[in-house]
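Trainee: I have a structure I would like to understand better, so I am pasting it below and will then ask my questions one at a time.
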Amino acid sequence: MLATTLLALCGAACWVSTVQAQTPTNSGGAGLARPATNAPARPASATTPAAPTAVGGKKIMTRDELRACLKRNDDQKLRANELDDLAVVINAQRAEIEQGLDAIRAERATLETRATRIREFQPKMQAYSQKVQEFNTRMGELSGKTRMTTSEGRAFEQMRKQVPLLEEERKDLNAERDRLLEGYEDSIKAFAIKAKVVEERAAEWNRRKAQHAQDNEDLSAASVDWRRDCADRPYREEDEKAIRAGK
């Protein structure tokens, strides 16, 4: 019967997230050195000595304890591989998410530029409306007179000549307004739908990334617990062989 430790068994292959495996030392250190197998033979005795229950002052693990430690170690290595694979997927999606957000930012900037032009156009319409209102008021005053003075008659004729000019200005303003507003409302609605999809995908990606980081922290903590509970404890090699054989 040979007694060893899981730390010596796992060595560099044992997965540890944040704490590197330490090389077993003598009984005075953190690890327990593997007992020598070529110790001098003891003199023959009339009785068979009892199997040791401790090595270096540390109790040898039972087979069930060893089985539990081996399973925890295997589970942690499996989980580490899963998280590594997931990290590859998450990192691969980052560029696509960022491209989608950049496209949304660019489209939003374009729509904001259009909105600015529309706002800047409003005073022109307001000024025209004010001019037409004043024109109609003055025309109404002159038209209501039964007799006009010479100057009023000339003013009235001048205002009548302005009617086609005002109509032309109205058409130009309406055409400019139509150009500014053409498809604008539909663009706003389409953008809102697109932005919602992209931003939800980005939020989900951030959630998965944060969860991945938390899972790594949890695995690191579990690895530290495993080292505390299992890594430096001696066990019987025949127990490990039996466990590996399914017994």
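Letters A, B, ... mark the chains of the structure tokens in the order given; residue numbers begin at 1 per chain; ligand numbers begin at 1, in order shown.
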Neighbours of A:Ala68 within 12 Å (only C-alpha atoms; same-chain residues fewer than 5 positions away dropped), as a list in words?
Mentor: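 Non-adjacent residues within range: Leu6, Met61, Thr62, Arg63, Asn73, Asp74, Asp75, Trp226, Asp229, Cys230, Glu240 and Ile243 of chain A.
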Trainee: Could you give me, as a list in words, the residues within 9 Å of stretch 165-170 of chain A, counting only C-alpha atoms and dropping anything in the same chain fewer than 5 positions from it?
Mentor: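 Non-adjacent residues within range: Met125, Tyr128, Val132 and Ala175 of chain A.
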Trainee: Quick one: residues within 8 Å of stretch 138-140 of chain A, only C-alpha atoms, excluding same-chain residues fewer than 3 positions away - as JSON, numbers by chain?
Mentor: {"A": [134, 135, 143, 144, 156, 159]}
Trainee: Quick one: contact table of stretch 61-123 of chain A to stretch 198-209 of chain A, 8 Å max, nearest atom pair and distance in Å to one decimal per residue, counting only C-alpha atoms, chain and number order, as a Markdown table?
Mentor:
```
| residue | atom | partner | partner_atom | distance |
| --- | --- | --- | --- | --- |
| A:Ile90 | CA | A:Lys209 | CA | 6.9 |
| A:Ile97 | CA | A:Ala202 | CA | 6.0 |
| A:Gly100 | CA | A:Val198 | CA | 6.2 |
| A:Leu101 | CA | A:Val198 | CA | 6.6 |
| A:Ile104 | CA | A:Val198 | CA | 7.8 |
```
Trainee: Any idea what's packed within 12 Å of stretch 211-221 of chain A, counting only C-alpha atoms, ignoring anything in its chain fewer than 3 positions away? Could you give it as a ChimeraX atom specification?
Mentor: /A:15-20,72-73,75-91,204-208,224-228
Trainee: Within 12 Å of A:Ser187, counting only C-alpha atoms, which residues qualify if same-chain residues fewer than 4 places away don't, as a CSV table (one decimal) with N, CA and C atoms, in the first residue's frame?
Mentor:
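Contents of the output file out_31.csv:
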```csv
chain,number,residue,atom,x,y,z
A,107,GLU,N,-26.9,55.8,-38.1
A,107,GLU,CA,-28.2,56.1,-38.6
A,107,GLU,C,-28.9,57.2,-37.7
A,108,ARG,N,-28.7,57.0,-36.4
A,108,ARG,CA,-29.3,58.0,-35.5
A,108,ARG,C,-28.8,59.4,-35.8
A,110,THR,N,-27.7,60.5,-38.6
A,110,THR,CA,-28.3,61.0,-39.9
A,110,THR,C,-29.7,61.5,-39.6
A,111,LEU,N,-30.5,60.8,-38.8
A,111,LEU,CA,-31.9,61.2,-38.5
A,111,LEU,C,-31.9,62.5,-37.7
A,112,GLU,N,-30.9,62.6,-36.8
A,112,GLU,CA,-30.8,63.9,-36.0
A,112,GLU,C,-30.5,65.1,-36.9
A,114,ARG,N,-31.3,65.3,-40.1
A,114,ARG,CA,-32.6,65.7,-40.8
A,114,ARG,C,-33.5,66.4,-39.8
A,115,ALA,N,-33.6,66.0,-38.6
A,115,ALA,CA,-34.5,66.7,-37.6
A,115,ALA,C,-34.0,68.1,-37.4
A,181,LEU,N,-39.5,66.3,-45.3
A,181,LEU,CA,-40.3,65.3,-44.6
A,181,LEU,C,-40.5,64.0,-45.3
A,182,GLU,N,-40.1,63.9,-46.6
A,182,GLU,CA,-40.3,62.7,-47.4
A,182,GLU,C,-39.7,61.5,-46.7
A,183,GLY,N,-40.5,60.5,-46.3
A,183,GLY,CA,-40.0,59.3,-45.7
A,183,GLY,C,-39.5,59.4,-44.3
A,191,PHE,N,-36.2,52.9,-37.8
A,191,PHE,CA,-35.1,53.0,-37.0
A,191,PHE,C,-35.4,52.5,-35.6
A,192,ALA,N,-36.5,52.9,-35.0
A,192,ALA,CA,-36.9,52.5,-33.7
A,192,ALA,C,-36.9,51.0,-33.5
A,193,ILE,N,-37.5,50.3,-34.6
A,193,ILE,CA,-37.5,48.8,-34.5
A,193,ILE,C,-36.1,48.2,-34.6
A,194,LYS,N,-35.3,48.8,-35.5
A,194,LYS,CA,-34.0,48.2,-35.7
A,194,LYS,C,-33.1,48.5,-34.5
A,195,ALA,N,-33.2,49.7,-33.9
A,195,ALA,CA,-32.4,50.0,-32.7
A,195,ALA,C,-32.8,49.1,-31.6
```
Trainee: Would you compute the distance between atom CA of A:Leu180 and atom CA of A:Ile118? Give it in Å to one decimal.
Mentor: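 Separation of atom CA of A:Leu180 and atom CA of A:Ile118: 6.3 Å.
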